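Asks: Sharing a structure below in C-alpha cells format, with a few things to ask.
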Amino acid sequence: MYICIWYGCSGEKKHITENDFENLELNSFVEEDFPYITTSLDARNIGASFPSDNVSARGLAIQLGNDSYACFDMDLLRWSVAWEGEFLPMVLPAQGSYHDFFQYNKNELPYPLGTPSMATGIYPGWSRNKPEFGEVRDASQETEGLYWGPIPTDLGRWNGVFIHNQSVILSYSIGPTEILELPGSVKHGHISALSRTFRIGKSASKLFVNIAEVLDGRKGVEGGQIGHLFHDNPDTVTTVAINGGDGVVKMVDNRYLTVELPPSNEEREFSILIRKGPARDTSDFEILAKGYKREIPDFKHGGPSRWNEQVLTRGKISPDTAAFVSDILTLPLPNPWKRNVRVADIGFFNGDKAAISTYEGDVWIVEGFNKKLNNLSWRRFASGFYEPMSIEVFEGEIYVYGKEGIVRLHDLNGDGEADYYEAYCNLMQQSTGTREWAADMTMDKDGNFYIAKGGHVTGLKGVLPFLSDFKPENTYRASTRHSGSILKIAADGKSLEVLATGLRMPYIGINRNTAFLTASDQQGNFVPASPIYAVHKGDYFGVPVTLHRDDHPEISRPITWIPHRIDRSSASQAWIGESKMGPLNNQLLHFSFGAPGIFRVLLDSDSETSQGGVSFIRMNYPSPILKGETNPSDGQLYVVGFNNYASNSMGISSLIRMRYTGKPSYMVNGFRAGSQGVLLSFDAELNDTSATNIENFAVKRWNYKRTGRYGSGHFKLDGSPGEELLPVLASYLAADKKSVLLLIPQMRETDQMEVMYRLDFRDGKKIEDGLWFTVHSVNDVAYRKYGIENVDLAKLDLTPDQVSALIKTELPVTVDRGRELFVKTGCIACHSTGIKTEGMYGPPFQGIYGTKRELTDGSTVLVDDAYLKESILQPEKKVAKGYGAEMPAFEGVLTDSDIQSIIFYIKTLYR
C-alpha cells in the first residue's frame with residue numbers, strides 16, 4: 001500500500017513512503033489544465049473534403065477551448081488539421097500504457113475523434129513570394145515516398161512554444177521574419193470558428209499562409225479580407241476571414257485557401273478566423289469575424305504557475321548487506337494531479353537537486369538527495385513532451401530529448417515552472433513509427449549532444465504500406481534516414497552530423513573526460529545478440545536497412561556480445577569516473593531493461609583489438625533499468641527505469657541509488673583471453689583450494705549468425721548448430737590471490753565465451769557467477785606479471801579427440817530442469833505460465849498443449865511436441881495469430897534434452 005497525506009490535521013506535511021502502482025488512481029493522460037500534448041497524428045481518412053496524405057510526426061495537439069482542437073505540425077509549420085468534439089484516442093506507447101502499464105502498441109496512431117473543420121496537405125504552412133503546395137524538403141529526408149524532419153532553415157524554422165495560462169504562443173520564423181501565433185477558438189450562439197492571431201515582424205517579401213485545403217471545392221468567392229469556398233454540396237462552405245492587418249484572402253484552383261501578406265517595414269498584428277459549416281450561416285460568421293478581437297498577451301515574463309504543490313517522499317535505505325546495495329527513492333505517487341510518474345532519465349544540477357523526465361511527457365525537479373533520503377521534495381516543472389526518454393542538465397540549463405527533438409526549458413519568471421519550451425534542435429528526422437524511439441541523449445564536456453535513434457518494425461503497418469515481399473528476413477525497415485543511427489549535434493544546436501549507422505535500437509554512453517562514446521543495441525532482426533560497441537565516426541554496425549550509405553563498409557565489431565538469456569534488451573551505459581564507488585571507480589557500466597540490472601563492462605587491455613566482457617552486479621532491481629547518472633556530491637550512481645512489456649521484471653518504475661557500502665566486493669574486475677586460456681581477476685582474495693580446483697569452472701563458446709531472422713541460434717566454430725564445451729586443464733592462483741589463470745586448450749577467436757565459476761574467497765564468502773566475453777584476437781596471456789609461475793603449458797598439447805573426451809555432455813530430461821530453463825532462457829518474460837497476456841510478446845501457455853492454434857496465415861496447427869520443438873528452433877515459421885515474429889531462434893542454444901525438458905514442463909501447465 002502507499003501512505004500519502006499531503007497535510008495532516010495539524011497542517012504538517014506528510015511524506016509518501018511507498019508506491020503502489022496496482023491500486024493507483026490516475027486521471028487522464030491528457031490534462032484539461034495543460035494546453036497541449038505533443039504527438040504523432042494520422043489525418044488521412046477524415047473525410048472526402050480533406051487531403052488524404054495528411055500525417056504529422058511532430059504535432060502539437062492543442063486544446064483551443066469550446067471543444068475545439070488543432071494540430072500544429074512543427075516540421076512543416078502548418079495547421080495539419082483542426083476539429084470539434086472529442087479529442088484523440090490515446091494509442092501511442094506512452095499514452096496507451098498510461099493506465100494499462102503493460103499495453104503493447106501495434107503501431108496504431110492517434111486520429112481526430114471529432115468532426116474535422118479544416119486540414120492541409122503535406123506541404124509548408126508558409127511560403128515567401130508565392131504560394132507553395134508541394135514538398136520542399138531535401139531528397140535526403142525521403143523514405144518510401146514520405147518526407148520526415150523540418151523544412152530547410154532558410155525557408156522556415158520552429159523556435160518553440162510559450163505557455164501562458166491555458167494558451168500557447170507558437171514561435172517560428174519564415175526566412176528572416178519572426179512570427180508569433182496565438183491559436184484559439186471562438187463561439188457565439190450556434191456559430192463557432194477557429195482563430196489564429198499573429199504578430200509578424202518586418203518582411204521584405206510577400207508572405208503566404210496556407211490556411212486550408214478543400215478537395216471538393218466547387219466555387220470560390222474572394223472579397224479582400226474574406227473568402228468563401230463552396231463545396232460540391234452547395235450548402236457547405238469553408239470561409240476564411242481576416243480581422244486587422246493588410247492581408248487578403250486568396251484561393252487557388254478552388255482548392256487552396258491562403259492569406260497573402262504584402263511586404264512591410266513594420267510589425268503587424270491581426271487575426272484569421274476559419275469556419276466550415278452551412279452556407280446559410282455565412283452572414284452570421286461575417287458579423288462574428290468583424291467583431292472578433294484578441295491580442296497576444298505579455299508572455300515574455302512568464303505566466304502564472306499551475307503546479308503550486310510540492311510532494312514530499314521518504315526513501316528506503318537498504319541494509320549494508322553487500323558491497324553495492326539499492327536504496328529506493330520513493331516516487332511522488334499519488335500526487336495532487338493524479339499524474340503517473342514513470343521515470344525515464346535523471347540529470348543533476350548539483351548534489352542536492354536533479355531534473356527527472358517521465359515517459360508520460362513531464363519534467364519534475366527533485367531536491368533533498370541527502371544520506372538518509374528522508375525528505376525528498378518533488379515539483380512539476382514542465383509537461384506536454386512526446387516520450388522524452390532523455391534529460392541532461394548542462395551549466396544549469398535543462399535539455400530534454402523526445403520525438404519532437406531537443407528542447408531547452410526556460411523559467412522566465414523564476415516561479416519554478418518552465419514558461420518557454422525552446423526548440424533547441426529538431427534537425428534529426430522523426431517519422432510516425434512508434435518504435436523509432438528518441439532513445440537516448442548524452443553530452444560531452446564541451447556541450448555537444450550525442451543522440452541515438454531507434455529503428456522501426458515493418459510488420460506493424462503505421463503510415464507505411466506492408467511490404468509486398470513479406471518474408472521473415474524482410475520484416476524490418478528504416479522509417480527515416482536517421483533511424484538506427486547515432487548522431488552528433490553541435491553545442492549551439494544548429495548542425496548535425498551522422499557518426500554511425502546500421503543499428504536496430506541503440507542506446508549510448510559517454511566518458512565526458514575522454515569523449516569515449518559507447519553504444520548498445522537490442523537483439524532482433526540482423527542483431528544476433530546484445531552488443532556493446534565503441535563508436536567512431538563512420539562506423540557501420542551491421543543492420544543493412546539502417547546503413548544509410550551508398551558504399552559497402554565493413555561491419556564494425558563489438559567490444560563484446562552478451563547472450564540473449566543474460567541480456568536480451570539492452571539500454572544505456574554510464575561511466576563512473578573518479579567517484580566514491582570503490583571498485584567501480586573509473587569503470588564503464590551497462591544497463592539492461594530485459595534482465596533487468598547493471599553490468600560491469602571489462603576491457604581486455606592486453607588485446608591488440610578492442611575486446612571485452614561483462615559481469616552482472618547483483619542487487620535489488622525493483623523495475624527495468626534504462627539510464628543512470630552519478631551524483632556530483634555523494635558520488636553514487638542514481639538509476640532509473642520503467643516497464644512497458646517484455647522485461648523479466650514486473651515492476652512499473654523506480655529511482656534507486658546504487659550505493660557503495662565499503663563492504664568487500666567479490667566481482668570479476670578484469671580478464672585476459674589468449675592462447676593459454678583465460679585469466680580472471682577479482683576484487684577480493686580467493687581461497688587457494690577453491691581457486692585451483694578445475695571442477696569449479698565451466699567454459700563454453702559459440703558464434704552467432706547475423707541474418708534477417710530475429711536474433712540468432714548458437715553455432716560451433718565449424719558452423720554447425722550448438723555450443724562448444726571446453727575443458728579447464730589446470731588453474732593457477734596469482735601471488736596476490738586475486739587472479740587465476742585457467743589453462744584452456746584450443747583457444748580461438750569467437751563471438752561468445754562464457755566462464756561460469758563457483759568459488760570460495762579467503763574470508764569464507766562463497767560465490768556462484770559468470771563472465772561473458774568476446775575474443776577477437778588470441779595472443780599470449782602475460783600471466784607472469786600477475787605473479788603466476790610454474791604453468792605447465794605442455795598440458796595444452798591435446799588432439800581434438802582428447803579434448804572431447806574430457807567434456808561432460810547431456811543432462812537428463814526432467815520437469816524441474818524444464819522449469820529452470822523456462823526462466824533461465826527468458827521464455828517467462830514473453831510467455832505467461834498462466835493466462836496473462838498484458839505485457840507479453842507471446843501467447844500464454846496454460847492449457848496450451850493438445851489444443852489447436854490459429855496462425856497468422858489463417859491455418860491451424862495442433863500444439864504437440866513437434867510443433868513446440870519447431871517453434872523453439874524456428875519460431876518465425878508458424879506464428880500464432882495476434883502476435884509478431886519477434887521470438888529469437890534457439891537453434892544451437894538448447895540441446896535436444898533441453899528442448900525436451902521445456903516441452904515436458906509446458907505439458908504440466910494444465911488449466
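Chain identifiers are assigned as A, B, and so on, following the order in which chains appear in the C-alpha cells; residues are numbered from 1 within each chain, and ligands are numbered from 1 in order of appearance.
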Could you name the residues that touch Gly244 (chain A) at 10 Å or less, counting only C-alpha atoms, but leaving out those on the same chain fewer than 2 positions away, as a ChimeraX atom specification?

Replies: /A:197,225,241-242,246-247,268-272,290,292-293

Asks: Tell me, as a list in words, which residues lie within 10 Å of Ser305 (chain A), counting only C-alpha atoms; anything in the same chain fewer than 3 positions away does not count.

Replies: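 These residues fall inside the cut-off: His164, Asn165, Gly302, Asn308, Phe381, Asn413, Gly414, Asp415, Gly416, Glu417, Ala418 and Asp419 of chain A.
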
Asks: From the list A:Ser192, A:Ser712, A:Thr689, A:Thr814, which residue is nearest Glu891 (chain A) when using only C-alpha atoms?

Replies: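 Among the listed residues, the smallest separation from Glu891 (chain A) belongs to A:Ser712.
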
Asks: Pick out the closest residue to Val259 (chain A) from this set: A:Lys445, A:His590, A:Arg157, A:Arg196. Count only C-alpha atoms.

Replies: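 Closest to Val259 (chain A) of all the choices is A:Arg196.
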
Asks: Could you list, as a ChimeraX atom specification, every residue within 12 Å of Gln900 (chain A), counting only C-alpha atoms and ignoring same-chain residues fewer than 6 positions away?

Replies: /A:810-819,821-822,864-866,868-870,872,894,906-907

Asks: Write down as a PyMOL selection string the residues belonging to region 738-820 of chain A that are assigned strand (DSSP E) by DSSP computed on the backbone.

Replies: chain A and resi 739-743+750-760+766-775
